[in-house]
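A short worksheet on the structure shown next.
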Amino acid sequence: MNDLASLDAYGVLSEPDTLKMTRLLPGPIERVWAYLAESDLRKQWLASGQMEMKVGAPVELVWRNDELSNPPGERPAGFPEEHRMASQITELDPPRKLSISWAGSGDVSFELEPVGNRVLLTVTHRSIADRATMLMFGAGWHMHLDILAARATGTEPMPFWDGWSRLMKDYDERLPA
């Protein structure tokens with residue numbers, strides 16, 4: 001990507017079933033990698049769960065989105081306090097790439113590229129089944145990455161659930177019907 005100034009926080013469809021998002025974060029690359037690989041750092045923006053850094057290794061991700069911001073905002077009806085998902089590492093190239101299966105909803109890759117003293121993080125979620133799931137994943141990834149950016153820059157993130165609810169509406173308007 002040549003023009004980093006044009007980075008948009010919103011995800012884009014790179015294929016009909018593939019959502020791609022980018023964030024430019026403070027480096028170095030090893031610091032951003034730690035936010036992906038280490039459970040205690042990952043739980044601050046996404047989900048906890050130990051990862052053995054080996055292709056084929058099982059991973060259980062545990063989301064507690066109410067704990068990502070203070071206050072968390074109002075959790076929408078039907079969303080539990082905790083969500084668990086069994087995954088598996090499918091590709092690994094530390095500290096540049098981590099891919100994991102996404103329990104019946106395709107796979108997700110995290111790619112890191114140094115850009116000066118910052119790091120370009122690209123998240124690609126492939127094989128998303130339908131538009132409703134795409135909207136939920138779009139809003140979810142967007143909000144989780146906003147929280148990661150806040151954590152990486154030492155700022156307070158906005159309430160997770162309030163942001164997620166707003167982003168659901170945004171993605172409904174942005175993504176093709």
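Labeling convention for the structure tokens: chains A, B, ... as they appear, residues from 1 per chain, ligands from 1 in order of appearance.
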Mind running region 37-147 of chain A against region 25-29 of chain A at 6 Å and telling me each contacting residue's nearest atom pair with the distance in Å (one decimal), counting only C-alpha atoms, chain and number ascending, as CSV?
residue,atom,partner,partner_atom,distance
A:Asn117,CA,A:Gly27,CA,5.5
A:Arg118,CA,A:Gly27,CA,4.4
A:Val119,CA,A:Leu25,CA,5.2
**Message:** To test your reading of the structure, identify every residue in region 29-174 of chain A that backbone DSSP assigns to strand (DSSP E), and report it as a PyMOL selection string.
**Reply:** chain A and resi 58-63+83-93+97-101+107-115+118-126
**Request:** Fewer than 5 positions away in the same chain doesn't count, so skip those; otherwise give me all residues within 9 Å of Glu52 (chain A), counting only C-alpha atoms, as number ranges by chain.
**Result:** A: 37, 57-59, 89
Contacts between region 159-173 of chain A and region 15-114 of chain A, please, where a residue of region 15-114 of chain A counts if it comes within 7 Å (with only C-alpha atoms); show its shortest atom pair and distance in Å to one decimal, rows by chain and ascending number, as CSV.
residue,atom,partner,partner_atom,distance
A:Asn65,CA,A:Phe160,CA,6.9
A:Leu68,CA,A:Phe160,CA,6.6
A:Ser69,CA,A:Pro159,CA,5.4
A:Asn70,CA,A:Pro159,CA,6.5
A:Pro71,CA,A:Pro159,CA,5.6
A:Pro72,CA,A:Pro159,CA,4.6
A:Gly73,CA,A:Trp161,CA,4.9
A:Glu74,CA,A:Trp161,CA,5.7
A:Arg75,CA,A:Trp161,CA,5.5
**Prompt:** Which residues, written as a VMD selection string, have at least one atom at most 10 Å from Trp141 (chain A), with only C-alpha atoms counted and residues fewer than 5 positions away on the same chain left out?
**Reply:** chain A and resid 10 to 11 19 to 21 46 123 to 125 135 to 136 146 to 147 164
